[in-house]
Amino acid sequence: MTDRVSLRSRRRVSVVFAGHGAVVGAFATRIPWLQQHLGLSDSTLGVALLAPALGSFVAMPFTSRLVHRLGNSRALRCLFPLWCGSLVLPALAPNLPALCLALGIFGATSGMTDVLMNAQGVLVEQRLRRPVIPSLHGMWAVGGLVSSGCGALAAGAGIDARLHFAVTSAVLAGIGLLATRHLLEADPTEARQPPPRFALPPLSTLPLGILGFCAVFAEGASGNWSAVYLTSTANAPEGIAALSYTGLSFTLALARLASGFVVTRLGPVRTVRLGGGIAALGGTLVVLGRTPPVVIAGFALIGTGVAAVLPLTFSAAGGHGGDPSRNIAGVATITYTSNLLAPAVTGAVADATSLPAAFALVTAFATCPLFLASTLAKPAQSPGGERQSAPQRADLSS
């Protein structure tokens, strides 16, 4: 019976991950509409697009307090519709300050929902005793790809983004309310003292955060700069350059969906080391390649190589002992900082040197998991201070 309940919860949380990715995909396709609607310059739009990351960064440390008060499943059931509803706010903003505020709320609800759904994924993973979170992140990518395709059709048809966002948020919120029914809850015997209202990342999660930071840096830099790299370095036309991001997104989704099988066979440490080697090869192709097919293949390999790292760091954080939500929020706070830094750092290095030199740095970050993978195998401390062998992570490599 427990397996049946856990399998049902896995299906439901898969829908939640896909829905979260779908909101992001819908928003990404209508950024040009927002820019045109408010008459924003490229630099002003860039400043506004920092707001979601800042909102997530500020809000995620509050998540463990919310889980303590409501429980993970109830908190997720409350927050997911708010996250979907926040999609409408940017399209309703009348000016830049209002847009920044709307995007901050959008990012805050996104970050907290992200922590809650990953914590739910950890619960399912522990019940089923096999890797689940990588495939859940694959579903997130699938949801984003499908939604971005629908958004592109809506934009091409000239549909107002306010209508597009309203319909999308209503549909996804309804699906989310159904999917978040009867999810798993943490064992009440593990009740803890109430966490602080603003819970800083535990120091014990720092190594996992650094591992995730490196992978997200490579993913974020590649996603933001791949098309520019193709046009400026490989002399590709814009239509071909766009395929670089498509290839990166596709390989990320495919690799995450398949990584559960790989982790079961190799274990998390060897999986991440293998991925680091693949990402290093991809980065080398990007840095040295001067023709579109070689560079696109390089970006695809980077996506393949880093795909499993972030999901496995969340999985490890959830089984690290103590409060899983706080641990995951800590890792997420560190890793998602990469989304703030990666595009800007890559651009600054490119301005000072060249894009190939900047991607030599990106390749270094992509290769780091090859050397930091052993972080996933380190034993955790139990709440009482007793060393454990992190059975959840051990189970993943069986």
# chains A, B, ... in the order shown; residues from 1 in each chain; ligands from 1
call {"tool": "residues_around", "arguments": {"residues": "stretch 299-316 of chain A", "least_positions_apart": "3", "cutoff": "6 Å", "atoms": "only C-alpha atoms", "output": "PDB file with N, CA and C atoms, in the first residue's frame"}}
result
ATOM      1  N   VAL A 122      12.063  14.696  -2.365  1.00  0.00           N
ATOM      2  CA  VAL A 122      12.927  13.940  -1.446  1.00  0.00           C
ATOM      3  C   VAL A 122      12.112  12.926  -0.658  1.00  0.00           C
ATOM      4  N   ILE A 133      14.398  12.484  -8.038  1.00  0.00           N
ATOM      5  CA  ILE A 133      14.493  13.929  -8.253  1.00  0.00           C
ATOM      6  C   ILE A 133      15.057  14.292  -9.622  1.00  0.00           C
ATOM      7  N   PRO A 134      16.090  13.605 -10.151  1.00  0.00           N
ATOM      8  CA  PRO A 134      16.551  13.980 -11.496  1.00  0.00           C
ATOM      9  C   PRO A 134      15.453  13.914 -12.550  1.00  0.00           C
ATOM     10  N   LEU A 208      27.682  21.124  -0.715  1.00  0.00           N
ATOM     11  CA  LEU A 208      26.685  20.777  -1.725  1.00  0.00           C
ATOM     12  C   LEU A 208      26.293  22.014  -2.536  1.00  0.00           C
ATOM     13  N   GLY A 212      26.553  22.536  -6.617  1.00  0.00           N
ATOM     14  CA  GLY A 212      25.441  22.991  -7.447  1.00  0.00           C
ATOM     15  C   GLY A 212      25.717  24.326  -8.106  1.00  0.00           C
ATOM     16  N   ALA A 215      27.640  23.899 -11.394  1.00  0.00           N
ATOM     17  CA  ALA A 215      26.824  23.373 -12.489  1.00  0.00           C
ATOM     18  C   ALA A 215      25.840  24.419 -13.003  1.00  0.00           C
ATOM     19  N   GLY A 247      18.990  23.157 -28.440  1.00  0.00           N
ATOM     20  CA  GLY A 247      19.772  21.948 -28.197  1.00  0.00           C
ATOM     21  C   GLY A 247      20.146  21.794 -26.737  1.00  0.00           C
ATOM     22  N   LEU A 248      20.533  22.903 -26.103  1.00  0.00           N
ATOM     23  CA  LEU A 248      20.877  22.865 -24.679  1.00  0.00           C
ATOM     24  C   LEU A 248      19.673  22.449 -23.845  1.00  0.00           C
ATOM     25  N   THR A 251      18.740  18.676 -24.441  1.00  0.00           N
ATOM     26  CA  THR A 251      19.634  17.711 -23.792  1.00  0.00           C
ATOM     27  C   THR A 251      19.512  17.759 -22.276  1.00  0.00           C
ATOM     28  N   LEU A 252      19.251  18.948 -21.716  1.00  0.00           N
ATOM     29  CA  LEU A 252      19.008  19.035 -20.278  1.00  0.00           C
ATOM     30  C   LEU A 252      17.791  18.193 -19.896  1.00  0.00           C
ATOM     31  N   ALA A 255      18.522  14.367 -20.558  1.00  0.00           N
ATOM     32  CA  ALA A 255      19.486  13.803 -19.609  1.00  0.00           C
ATOM     33  C   ALA A 255      18.885  13.673 -18.218  1.00  0.00           C
ATOM     34  N   ARG A 256      18.057  14.630 -17.816  1.00  0.00           N
ATOM     35  CA  ARG A 256      17.450  14.538 -16.482  1.00  0.00           C
ATOM     36  C   ARG A 256      16.411  13.430 -16.425  1.00  0.00           C
ATOM     37  N   GLY A 275      29.365  13.080 -15.738  1.00  0.00           N
ATOM     38  CA  GLY A 275      28.812  14.307 -16.285  1.00  0.00           C
ATOM     39  C   GLY A 275      29.851  15.413 -16.379  1.00  0.00           C
ATOM     40  N   GLY A 276      30.723  15.510 -15.366  1.00  0.00           N
ATOM     41  CA  GLY A 276      31.783  16.513 -15.419  1.00  0.00           C
ATOM     42  C   GLY A 276      32.704  16.306 -16.614  1.00  0.00           C
ATOM     43  N   ILE A 278      31.853  14.828 -19.472  1.00  0.00           N
ATOM     44  CA  ILE A 278      31.095  15.177 -20.681  1.00  0.00           C
ATOM     45  C   ILE A 278      31.018  16.691 -20.841  1.00  0.00           C
ATOM     46  N   ALA A 279      30.763  17.407 -19.737  1.00  0.00           N
ATOM     47  CA  ALA A 279      30.682  18.867 -19.805  1.00  0.00           C
ATOM     48  C   ALA A 279      32.024  19.468 -20.194  1.00  0.00           C
ATOM     49  N   GLY A 282      32.351  19.117 -23.864  1.00  0.00           N
ATOM     50  CA  GLY A 282      31.491  20.091 -24.518  1.00  0.00           C
ATOM     51  C   GLY A 282      32.068  21.491 -24.467  1.00  0.00           C
ATOM     52  N   ILE A 296      27.360  24.056 -31.538  1.00  0.00           N
ATOM     53  CA  ILE A 296      26.056  23.577 -31.053  1.00  0.00           C
ATOM     54  C   ILE A 296      26.213  22.241 -30.339  1.00  0.00           C
ATOM     55  N   GLY A 319      18.515  14.504   2.373  1.00  0.00           N
ATOM     56  CA  GLY A 319      18.877  13.388   3.238  1.00  0.00           C
ATOM     57  C   GLY A 319      20.063  13.684   4.124  1.00  0.00           C
ATOM     58  N   ILE A 328      17.421  22.135   1.793  1.00  0.00           N
ATOM     59  CA  ILE A 328      17.196  22.377   0.366  1.00  0.00           C
ATOM     60  C   ILE A 328      17.170  23.865   0.079  1.00  0.00           C
TER      61      ILE A 328
END
call {"tool": "atom_distance", "arguments": {"atom1": "atom CA of A:Val228", "atom2": "atom CA of A:Ala357"}}
result
14.2 Å
call {"tool": "residues_around", "arguments": {"residues": "A:Leu230", "least_positions_apart": "4", "cutoff": "8 Å", "atoms": "only C-alpha atoms", "output": "PyMOL selection string"}}
result
chain A and resi 226+234-236+241+244+292+295-296
call {"tool": "atom_distance", "arguments": {"atom1": "atom CA of A:Ser135", "atom2": "atom CA of A:Ala108"}}
result
24.3 Å
call {"tool": "residues_around", "arguments": {"residues": "A:Gly121", "least_positions_apart": "2", "cutoff": "12 Å", "atoms": "only C-alpha atoms", "output": "PyMOL selection string"}}
result
chain A and resi 6-7+9-17+72-73+76+114-119+123-137+183-186+311-312+314-319+324-325+328
call {"tool": "write_last_selection", "arguments": {"atoms": "N, CA and C atoms", "output": "compact mmCIF listing (two decimals), in the first residue's frame"}}
result
# COMPACT_ATOMS: atom_id res chain seq x y z
N SER A 6 3.13 6.02 -2.64
CA SER A 6 4.34 6.72 -3.05
C SER A 6 4.38 6.91 -4.56
N LEU A 7 3.98 5.88 -5.32
CA LEU A 7 3.94 6.00 -6.78
C LEU A 7 2.93 7.05 -7.22
N SER A 9 2.05 9.61 -5.43
CA SER A 9 2.65 10.90 -5.08
C SER A 9 3.72 11.30 -6.09
N ARG A 10 4.45 10.31 -6.60
CA ARG A 10 5.46 10.63 -7.61
C ARG A 10 4.81 11.20 -8.86
N ARG A 11 3.72 10.59 -9.28
CA ARG A 11 3.02 11.11 -10.47
C ARG A 11 2.51 12.52 -10.23
N ARG A 12 1.97 12.73 -9.04
CA ARG A 12 1.42 14.06 -8.74
C ARG A 12 2.51 15.12 -8.66
N VAL A 13 3.62 14.80 -8.02
CA VAL A 13 4.68 15.80 -7.90
C VAL A 13 5.36 16.01 -9.25
N SER A 14 5.34 15.01 -10.13
CA SER A 14 5.84 15.20 -11.50
C SER A 14 5.03 16.27 -12.22
N VAL A 15 3.72 16.24 -12.01
CA VAL A 15 2.84 17.26 -12.60
C VAL A 15 3.17 18.63 -12.04
N VAL A 16 3.46 18.69 -10.73
CA VAL A 16 3.81 19.97 -10.11
C VAL A 16 5.09 20.53 -10.73
N PHE A 17 6.10 19.68 -10.88
CA PHE A 17 7.35 20.13 -11.50
C PHE A 17 7.10 20.63 -12.92
N ASN A 72 4.71 20.24 4.64
CA ASN A 72 5.16 20.44 3.27
C ASN A 72 4.03 20.41 2.27
N SER A 73 3.16 19.38 2.35
CA SER A 73 2.13 19.21 1.32
C SER A 73 1.12 20.35 1.36
N LEU A 76 2.74 23.53 -0.01
CA LEU A 76 2.85 23.47 -1.46
C LEU A 76 1.49 23.70 -2.11
N ASP A 114 9.66 26.21 -5.42
CA ASP A 114 10.75 25.34 -5.85
C ASP A 114 11.29 24.52 -4.68
N VAL A 115 11.51 25.17 -3.54
CA VAL A 115 12.01 24.47 -2.36
C VAL A 115 11.01 23.41 -1.91
N LEU A 116 9.73 23.78 -1.86
CA LEU A 116 8.70 22.87 -1.37
C LEU A 116 8.55 21.65 -2.28
N MET A 117 8.58 21.85 -3.60
CA MET A 117 8.39 20.69 -4.48
C MET A 117 9.62 19.80 -4.48
N ASN A 118 10.82 20.36 -4.29
CA ASN A 118 12.00 19.52 -4.17
C ASN A 118 11.99 18.74 -2.85
N ALA A 119 11.51 19.37 -1.77
CA ALA A 119 11.38 18.65 -0.50
C ALA A 119 10.37 17.51 -0.64
N LEU A 123 10.93 13.33 -0.19
CA LEU A 123 10.07 12.39 0.55
C LEU A 123 9.69 11.19 -0.32
N VAL A 124 9.32 11.46 -1.57
CA VAL A 124 8.96 10.37 -2.48
C VAL A 124 10.17 9.47 -2.72
N GLU A 125 11.32 10.09 -2.93
CA GLU A 125 12.55 9.34 -3.18
C GLU A 125 12.90 8.42 -2.01
N GLN A 126 12.73 8.94 -0.81
CA GLN A 126 13.05 8.13 0.37
C GLN A 126 12.07 6.98 0.55
N ARG A 127 10.80 7.21 0.20
CA ARG A 127 9.81 6.13 0.31
C ARG A 127 10.06 5.04 -0.73
N LEU A 128 10.37 5.45 -1.96
CA LEU A 128 10.57 4.49 -3.04
C LEU A 128 11.96 3.88 -3.04
N ARG A 129 12.91 4.56 -2.35
CA ARG A 129 14.28 4.07 -2.23
C ARG A 129 14.94 3.89 -3.59
N ARG A 130 14.71 4.85 -4.45
CA ARG A 130 15.41 4.91 -5.74
C ARG A 130 15.41 6.35 -6.22
N PRO A 131 16.31 6.71 -7.13
CA PRO A 131 16.43 8.11 -7.55
C PRO A 131 15.20 8.59 -8.29
N VAL A 132 14.66 9.70 -7.85
CA VAL A 132 13.45 10.27 -8.41
C VAL A 132 13.65 11.72 -8.83
N ILE A 133 14.40 12.48 -8.04
CA ILE A 133 14.49 13.93 -8.25
C ILE A 133 15.06 14.29 -9.62
N PRO A 134 16.09 13.60 -10.15
CA PRO A 134 16.55 13.98 -11.50
C PRO A 134 15.45 13.91 -12.55
N SER A 135 14.63 12.87 -12.52
CA SER A 135 13.55 12.77 -13.51
C SER A 135 12.49 13.84 -13.27
N LEU A 136 12.29 14.25 -12.01
CA LEU A 136 11.35 15.33 -11.73
C LEU A 136 11.84 16.63 -12.36
N HIS A 137 13.13 16.88 -12.27
CA HIS A 137 13.70 18.06 -12.93
C HIS A 137 13.60 17.94 -14.45
N LEU A 183 -0.57 14.54 -1.10
CA LEU A 183 0.86 14.32 -1.21
C LEU A 183 1.41 13.78 0.11
N LEU A 184 2.66 13.34 0.07
CA LEU A 184 3.27 12.78 1.26
C LEU A 184 3.60 13.88 2.26
N GLU A 185 3.69 13.50 3.53
CA GLU A 185 4.08 14.43 4.57
C GLU A 185 5.19 13.79 5.39
N ALA A 186 6.09 14.62 5.90
CA ALA A 186 7.19 14.12 6.72
C ALA A 186 6.65 13.46 7.98
N PRO A 311 19.79 18.41 -9.43
CA PRO A 311 18.85 17.50 -8.76
C PRO A 311 19.51 16.62 -7.70
N LEU A 312 20.72 16.14 -7.97
CA LEU A 312 21.38 15.27 -6.99
C LEU A 312 21.84 16.04 -5.77
N PHE A 314 20.14 18.56 -4.48
CA PHE A 314 18.91 18.69 -3.71
C PHE A 314 18.59 17.38 -3.00
N SER A 315 18.76 16.27 -3.70
CA SER A 315 18.49 14.97 -3.10
C SER A 315 19.40 14.73 -1.90
N ALA A 316 20.69 15.05 -2.07
CA ALA A 316 21.64 14.87 -0.97
C ALA A 316 21.32 15.79 0.20
N ALA A 317 20.92 17.04 -0.10
CA ALA A 317 20.58 17.99 0.96
C ALA A 317 19.37 17.51 1.75
N GLY A 318 18.38 16.95 1.05
CA GLY A 318 17.19 16.46 1.73
C GLY A 318 17.47 15.30 2.66
N GLY A 319 18.51 14.50 2.37
CA GLY A 319 18.88 13.39 3.24
C GLY A 319 20.06 13.68 4.12
N PRO A 324 14.83 18.97 6.27
CA PRO A 324 15.06 18.86 4.82
C PRO A 324 14.74 20.14 4.07
N SER A 325 13.65 20.82 4.44
CA SER A 325 13.28 22.04 3.73
C SER A 325 14.33 23.12 3.92
N ILE A 328 17.42 22.13 1.79
CA ILE A 328 17.20 22.38 0.37
C ILE A 328 17.17 23.87 0.08
call {"tool": "residues_around", "arguments": {"residues": "A:Pro97", "least_positions_apart": "6", "cutoff": "12 Å", "atoms": "only C-alpha atoms", "output": "ChimeraX atom specification"}}
result
/A:38,40,44-45,47-49,51,90,103-104
call {"tool": "residues_around", "arguments": {"residues": "A:Phe106", "least_positions_apart": "6", "cutoff": "7 Å", "atoms": "only C-alpha atoms", "output": "ChimeraX atom specification"}}
result
/A:52,83,86-87
call {"tool": "write_last_selection", "arguments": {"atoms": "N, CA, C and O atoms", "output": "compact mmCIF listing (two decimals), in the first residue's frame"}}
result
# COMPACT_ATOMS: atom_id res chain seq x y z
N PRO A 52 13.37 38.85 -10.38
CA PRO A 52 12.95 37.51 -9.97
C PRO A 52 14.00 36.76 -9.18
O PRO A 52 13.68 36.08 -8.19
N TRP A 83 1.95 31.03 -7.05
CA TRP A 83 3.02 31.12 -8.04
C TRP A 83 2.44 31.23 -9.44
O TRP A 83 2.86 32.09 -10.24
N SER A 86 0.93 34.69 -9.92
CA SER A 86 1.90 35.78 -10.03
C SER A 86 2.37 36.00 -11.46
O SER A 86 2.95 37.05 -11.77
N LEU A 87 2.13 35.03 -12.34
CA LEU A 87 2.49 35.19 -13.75
C LEU A 87 1.77 36.38 -14.37
O LEU A 87 2.31 37.04 -15.27
call {"tool": "atom_distance", "arguments": {"atom1": "atom CA of A:Tyr245", "atom2": "atom CA of A:Gly223"}}
result
5.9 Å
call {"tool": "closest_atom_pairs", "arguments": {"of": "stretch 60-96 of chain A", "to": "stretch 147-163 of chain A", "cutoff": "9 Å", "atoms": "only C-alpha atoms", "output": "JSON lines"}}
result
{"residue": "A:Val88", "atom": "CA", "partner": "A:Arg162", "partner_atom": "CA", "distance": 6.6}
{"residue": "A:Leu89", "atom": "CA", "partner": "A:Arg162", "partner_atom": "CA", "distance": 8.8}
{"residue": "A:Pro90", "atom": "CA", "partner": "A:Arg162", "partner_atom": "CA", "distance": 8.8}
{"residue": "A:Ala91", "atom": "CA", "partner": "A:Arg162", "partner_atom": "CA", "distance": 5.4}
{"residue": "A:Leu92", "atom": "CA", "partner": "A:Arg162", "partner_atom": "CA", "distance": 6.9}
call {"tool": "select_by_dssp", "arguments": {"residues": "stretch 197-342 of chain A", "states": "alpha helix (DSSP H)", "output": "MDAnalysis selection string"}}
result
chainID A and resid 206:233 238:288 292:306 309:318 324:342
call {"tool": "closest_residue", "arguments": {"among": "A:Ala258, A:Met60, A:Cys78, A:Val287", "to": "A:Thr271", "atoms": "only C-alpha atoms"}}
result
A:Ala258
call {"tool": "closest_residue", "arguments": {"among": "A:Thr231, A:Thr63, A:Gln120, A:Thr113", "to": "A:Ala329", "atoms": "only C-alpha atoms"}}
result
A:Thr63
call {"tool": "residues_around", "arguments": {"residues": "A:Gly209", "least_positions_apart": "2", "cutoff": "6 Å", "atoms": "only C-alpha atoms", "output": "number ranges by chain"}}
result
A: 206-207, 211-213, 331, 334-335
call {"tool": "closest_residue", "arguments": {"among": "A:Met112, A:Leu372, A:Leu50, A:Gly19", "to": "A:Leu178", "atoms": "only C-alpha atoms"}}
result
A:Gly19
